$ cat data-v9.cif   # mmCIF, C-alpha atoms, pLDDT in the B column; chains and numbers go by the auth columns
data_entry
#
loop_
_atom_site.group_PDB
_atom_site.id
_atom_site.type_symbol
_atom_site.label_atom_id
_atom_site.label_comp_id
_atom_site.label_asym_id
_atom_site.label_seq_id
_atom_site.Cartn_x
_atom_site.Cartn_y
_atom_site.Cartn_z
_atom_site.B_iso_or_equiv
_atom_site.auth_seq_id
_atom_site.auth_asym_id
ATOM 1 C CA MET A 1 -26.097 -14.567 -15.373 42.00 556 B
ATOM 2 C CA GLY A 2 -29.568 -15.620 -14.262 46.00 557 B
ATOM 3 C CA ALA A 3 -32.442 -13.503 -13.022 43.00 558 B
ATOM 4 C CA ALA A 4 -31.769 -14.580 -9.430 48.00 559 B
ATOM 5 C CA ASP A 5 -28.164 -13.360 -9.640 47.00 560 B
ATOM 6 C CA GLU A 6 -29.299 -10.040 -11.079 46.00 561 B
ATOM 7 C CA GLN A 7 -31.870 -9.638 -8.296 44.00 562 B
ATOM 8 C CA ASP A 8 -29.240 -10.503 -5.673 45.00 563 B
ATOM 9 C CA ARG A 9 -26.817 -7.999 -7.192 46.00 564 B
ATOM 10 C CA GLN A 10 -29.378 -5.194 -7.203 44.00 565 B
ATOM 11 C CA GLY A 11 -31.050 -5.952 -3.886 45.00 566 B
ATOM 12 C CA GLY A 12 -27.817 -6.450 -1.970 46.00 567 B
ATOM 13 C CA GLU A 13 -28.910 -9.869 -0.718 59.00 568 B
ATOM 14 C CA GLY A 14 -26.405 -12.621 -1.206 86.00 569 B
ATOM 15 C CA TRP A 15 -23.466 -10.218 -1.052 87.00 570 B
ATOM 16 C CA LEU A 16 -21.235 -9.696 1.972 89.00 571 B
ATOM 17 C CA THR A 17 -19.062 -6.770 2.977 86.00 572 B
ATOM 18 C CA LYS A 18 -15.415 -7.219 3.844 87.00 573 B
ATOM 19 C CA ALA A 19 -16.272 -7.009 7.558 87.00 574 B
ATOM 20 C CA GLU A 20 -18.826 -9.808 7.171 90.00 575 B
ATOM 21 C CA VAL A 21 -16.312 -11.942 5.275 90.00 576 B
ATOM 22 C CA ARG A 22 -13.794 -11.316 8.065 90.00 577 B
ATOM 23 C CA GLU A 23 -16.284 -12.861 10.538 91.00 578 B
ATOM 24 C CA LEU A 24 -16.651 -15.963 8.340 91.00 579 B
ATOM 25 C CA TRP A 25 -12.893 -16.236 7.723 90.00 580 B
ATOM 26 C CA PRO A 26 -11.320 -15.606 11.167 89.00 581 B
ATOM 27 C CA GLN A 27 -8.193 -17.512 10.074 88.00 582 B
ATOM 28 C CA ILE A 28 -7.437 -14.886 7.371 88.00 583 B
ATOM 29 C CA ARG A 29 -5.813 -11.548 8.093 87.00 584 B
ATOM 30 C CA ALA A 30 -8.082 -8.594 7.330 85.00 585 B
ATOM 31 C CA ILE A 31 -5.568 -7.110 4.922 85.00 586 B
ATOM 32 C CA SER A 32 -5.518 -10.358 2.906 86.00 587 B
ATOM 33 C CA ILE A 33 -9.251 -10.953 2.457 89.00 588 B
ATOM 34 C CA THR A 34 -9.449 -9.504 -1.061 88.00 589 B
ATOM 35 C CA ALA A 35 -6.361 -11.420 -2.220 89.00 590 B
ATOM 36 C CA VAL A 36 -7.619 -14.707 -0.760 90.00 591 B
ATOM 37 C CA ALA A 37 -11.030 -14.131 -2.342 90.00 592 B
ATOM 38 C CA ARG A 38 -9.414 -13.519 -5.731 90.00 593 B
ATOM 39 C CA ALA A 39 -7.152 -16.573 -5.422 90.00 594 B
ATOM 40 C CA ASN A 40 -10.130 -18.794 -4.575 90.00 595 B
ATOM 41 C CA SER A 41 -12.477 -17.476 -7.305 88.00 596 B
ATOM 42 C CA VAL A 42 -14.914 -15.635 -5.044 91.00 597 B
ATOM 43 C CA ARG A 43 -17.180 -13.446 -7.152 92.00 598 B
ATOM 44 C CA THR A 44 -17.178 -9.737 -6.302 88.00 599 B
ATOM 45 C CA SER A 45 -19.690 -7.046 -7.077 83.00 600 B
ATOM 46 C CA ALA A 46 -18.788 -3.728 -8.632 75.00 601 B
ATOM 47 C CA ALA A 47 -21.765 -2.134 -6.883 70.00 602 B
ATOM 48 C CA PRO A 48 -20.832 0.163 -4.009 65.00 603 B
ATOM 49 C CA SER A 49 -20.599 -1.485 -0.635 62.00 604 B
ATOM 50 C CA PRO A 50 -23.532 -0.758 1.694 66.00 605 B
ATOM 51 C CA ASP A 51 -21.084 0.383 4.405 65.00 606 B
ATOM 52 C CA LEU A 52 -19.827 3.154 2.049 67.00 607 B
ATOM 53 C CA THR A 53 -16.176 2.055 2.211 69.00 608 B
ATOM 54 C CA GLY A 54 -15.926 1.771 -1.557 73.00 609 B
ATOM 55 C CA GLU A 55 -14.652 -1.795 -1.252 78.00 610 B
ATOM 56 C CA PRO A 56 -16.237 -4.574 -3.285 82.00 611 B
ATOM 57 C CA THR A 57 -18.813 -6.920 -1.846 87.00 612 B
ATOM 58 C CA PHE A 58 -18.309 -10.674 -1.998 90.00 613 B
ATOM 59 C CA HIS A 59 -20.775 -13.343 -3.104 92.00 614 B
ATOM 60 C CA ALA A 60 -22.096 -15.065 0.026 91.00 615 B
ATOM 61 C CA ALA A 61 -22.265 -18.588 -1.412 92.00 616 B
ATOM 62 C CA ASP A 62 -18.678 -18.340 -2.660 93.00 617 B
ATOM 63 C CA VAL A 63 -17.486 -17.005 0.703 93.00 618 B
ATOM 64 C CA ARG A 64 -19.139 -19.880 2.557 93.00 619 B
ATOM 65 C CA ARG A 65 -17.679 -22.426 0.104 94.00 620 B
ATOM 66 C CA VAL A 66 -14.177 -21.008 0.640 92.00 621 B
ATOM 67 C CA ALA A 67 -14.726 -20.862 4.425 91.00 622 B
ATOM 68 C CA ALA A 68 -15.268 -24.628 4.399 92.00 623 B
ATOM 69 C CA ARG A 69 -12.160 -25.105 2.240 91.00 624 B
ATOM 70 C CA ILE A 70 -10.110 -22.907 4.617 88.00 625 B
ATOM 71 C CA ALA A 71 -11.278 -24.977 7.585 88.00 626 B
ATOM 72 C CA ARG A 72 -10.212 -28.188 5.790 88.00 627 B
ATOM 73 C CA GLY A 73 -6.888 -26.637 4.746 85.00 628 B
ATOM 74 C CA GLU A 74 -7.683 -26.947 1.033 87.00 629 B
ATOM 75 C CA ALA A 75 -8.042 -23.267 0.135 86.00 630 B
ATOM 76 C CA ASP A 76 -5.389 -21.342 -1.756 86.00 631 B
ATOM 77 C CA VAL A 77 -3.976 -19.286 1.123 85.00 632 B
ATOM 78 C CA ALA A 78 -0.358 -18.212 1.542 83.00 633 B
ATOM 79 C CA PRO A 79 1.142 -18.677 5.026 83.00 634 B
ATOM 80 C CA TRP A 80 1.553 -14.948 5.569 82.00 635 B
ATOM 81 C CA GLN A 81 -2.161 -14.418 4.784 83.00 636 B
ATOM 82 C CA ARG A 82 -3.238 -16.592 7.696 84.00 637 B
ATOM 83 C CA ALA A 83 -3.853 -14.839 11.005 81.00 638 B
ATOM 84 C CA ASP A 84 -2.735 -17.921 12.929 76.00 639 B
ATOM 85 C CA SER A 85 0.627 -18.464 11.184 70.00 640 B
ATOM 86 C CA ASP A 86 4.096 -17.617 12.451 67.00 641 B
ATOM 87 C CA ALA A 87 4.699 -15.417 9.395 61.00 642 B
ATOM 88 C CA ALA A 88 1.634 -13.329 10.207 57.00 643 B
ATOM 89 C CA CYS A 89 2.607 -13.032 13.872 57.00 644 B
ATOM 90 C CA ASP A 90 6.063 -11.767 12.931 55.00 645 B
ATOM 91 C CA ASP A 91 4.753 -8.728 11.082 55.00 646 B
ATOM 92 C CA ALA A 92 1.309 -8.352 12.638 50.00 647 B
ATOM 93 C CA THR A 93 2.440 -5.699 15.077 55.00 648 B
ATOM 94 C CA PRO A 94 4.924 -3.471 13.334 57.00 649 B
ATOM 95 C CA GLY A 95 6.632 -0.904 15.467 56.00 650 B
ATOM 96 C CA PRO A 96 6.655 2.786 14.693 62.00 651 B
ATOM 97 C CA PRO A 97 9.159 3.855 12.065 69.00 652 B
ATOM 98 C CA VAL A 98 12.513 4.774 13.518 71.00 653 B
ATOM 99 C CA ARG A 99 13.478 8.280 12.539 74.00 654 B
ATOM 100 C CA GLN A 100 17.164 9.046 12.532 71.00 655 B
ATOM 101 C CA PRO A 101 18.052 12.492 13.860 72.00 656 B
ATOM 102 C CA VAL A 102 19.901 14.802 11.513 70.00 657 B
ATOM 103 C CA ALA A 103 23.262 15.683 12.988 71.00 658 B
ATOM 104 C CA TRP A 104 26.407 17.497 11.925 70.00 659 B
ATOM 105 C CA GLY A 105 28.924 14.737 12.177 75.00 660 B
ATOM 106 C CA PRO A 106 32.100 13.576 10.534 78.00 661 B
ATOM 107 C CA ASP A 107 30.097 11.956 7.717 78.00 662 B
ATOM 108 C CA ASN A 108 28.924 15.388 6.557 81.00 663 B
ATOM 109 C CA VAL A 109 32.336 17.135 6.473 86.00 664 B
ATOM 110 C CA PRO A 110 33.396 16.180 2.904 87.00 665 B
ATOM 111 C CA GLY A 111 30.061 17.288 1.506 88.00 666 B
ATOM 112 C CA LEU A 112 30.193 20.569 3.400 89.00 667 B
ATOM 113 C CA ILE A 113 33.719 21.267 2.132 92.00 668 B
ATOM 114 C CA LEU A 114 32.610 20.607 -1.450 93.00 669 B
ATOM 115 C CA LEU A 115 29.573 22.854 -0.991 93.00 670 B
ATOM 116 C CA ALA A 116 31.729 25.654 0.416 94.00 671 B
ATOM 117 C CA ILE A 117 34.134 25.386 -2.538 95.00 672 B
ATOM 118 C CA ILE A 118 31.293 25.532 -5.073 95.00 673 B
ATOM 119 C CA VAL A 119 29.640 28.531 -3.408 94.00 674 B
ATOM 120 C CA GLY A 120 33.011 30.272 -3.116 92.00 675 B
ATOM 121 C CA LEU A 121 33.772 29.743 -6.815 90.00 676 B
ATOM 122 C CA MET A 122 30.368 31.071 -7.802 89.00 677 B
ATOM 123 C CA LEU A 123 30.788 34.201 -5.704 88.00 678 B
ATOM 124 C CA TRP A 124 34.347 34.729 -6.962 84.00 679 B
ATOM 125 C CA SER A 125 33.221 34.409 -10.605 80.00 680 B
ATOM 126 C CA LEU A 126 30.485 36.991 -10.104 81.00 681 B
ATOM 127 C CA THR A 127 32.761 39.505 -8.372 78.00 682 B
ATOM 128 C CA SER A 128 35.947 39.059 -10.432 69.00 683 B
ATOM 129 C CA PRO A 129 37.212 42.273 -12.129 68.00 684 B
ATOM 130 C CA ASP A 130 37.437 40.775 -15.639 65.00 685 B
ATOM 131 C CA ASN A 131 33.612 40.471 -15.888 55.00 686 B
ATOM 132 C CA HIS A 132 33.738 37.313 -17.977 58.00 687 B
ATOM 133 C CA GLY A 133 30.337 35.664 -18.020 57.00 688 B
ATOM 134 C CA THR A 134 28.535 38.275 -15.951 56.00 689 B
ATOM 135 C CA VAL A 135 25.391 40.177 -16.750 57.00 690 B
ATOM 136 C CA THR A 136 27.146 43.557 -16.747 56.00 691 B
ATOM 137 C CA GLY A 137 28.789 42.778 -20.119 53.00 692 B
ATOM 138 C CA PHE A 138 25.378 42.647 -21.803 53.00 693 B
ATOM 139 C CA VAL A 139 24.104 45.835 -20.226 54.00 694 B
ATOM 140 C CA ARG A 140 26.891 48.080 -21.537 51.00 695 B
#
$ encode --input "data-v9.cif" --output "structure tokens"
Amino acid sequence: MGAADEQDRQGGEGWLTKAEVRELWPQIRAISITAVARANSVRTSAAPSPDLTGEPTFHAADVRRVAARIARGEADVAPWQRADSDAACDDATPGPPVRQPVAWGPDNVPGLILLAIIVGLMLWSLTSPDNHGTVTGFVR
């Protein structure tokens, strides 16, 4: 690593935040920027991001090199990582999770019968007159 790289790393110049990379790579989904950067050998900095998000910063020269490769269609980008692909459009707007209401229906009857039998047996064993397995045998 040369002195210029060290100065760039410390001064923050030459490094881009994820939001800045998103502007240079409009074809890439925001959630896929880090994966695309890794797949295309974009250098990242371990120094904290200036926008305080805790995300890594990306080397500007590498980002620009990959931006040109993305425009030419030569970059290593999966179809679902592209913002303009059919795969991205299919899951780009997920709906809210569907929550099934809890109901007392015929599916619950066998389980409720089993639960009632188990509770009944437990109560019967505690109240039976022979006192087998109860605490009162130890107390006397």
$ resolve_selection --input "data-v9.cif" --expression "the PyMOL selection byres ((chain B and resi 633) around 10)" --output "number ranges by chain"
B: 583, 587, 590-591, 594, 630-632, 634-637, 640, 642
$ closest_residue --input "data-v9.cif" --among "B:Leu669, B:Leu571, B:Leu579, B:Ala602" --to "Ala623 in chain B" --atoms "all atoms listed in the file"
B:Leu579
$ atom_distance --input "data-v9.cif" --atom1 "CA of Asp662 in chain B" --atom2 "CA of Met677 in chain B"
24.6 Å
$ atom_distance --input "data-v9.cif" --atom1 "CA of Glu629 in chain B" --atom2 "CA of Thr612 in chain B"
23.1 Å
$ closest_residue --input "data-v9.cif" --among "B:Ile625, B:Leu676, B:Ala592, B:Leu670" --to "Pro611 in chain B" --atoms "only C-alpha atoms"
B:Ala592
$ residues_around --input "data-v9.cif" --residues "Thr589 in chain B" --least-positions-apart "6" --cutoff "12 Å" --atoms "all atoms listed in the file" --output "MDAnalysis selection string"
chainID B and resid 572:574 576:577 580 583 595:599 610:613 618 632 636
$ atom_distance --input "data-v9.cif" --atom1 "CA of Val653 in chain B" --atom2 "CA of Pro665 in chain B"
26.1 Å
$ axis_aligned_box --input "data-v9.cif" --around "range 613-630 of chain B" --padding-each-side "4 Å" --output "lines of an AutoDock Vina configuration file"
center_x = -14.6
center_y = -19.4
center_z = 2.2
size_x = 23.4
size_y = 25.5
size_z = 18.7
$ closest_residue --input "data-v9.cif" --among "B:Trp659, B:Glu575, B:Trp570, B:Leu667" --to "Ala601 in chain B" --atoms "only C-alpha atoms"
B:Trp570
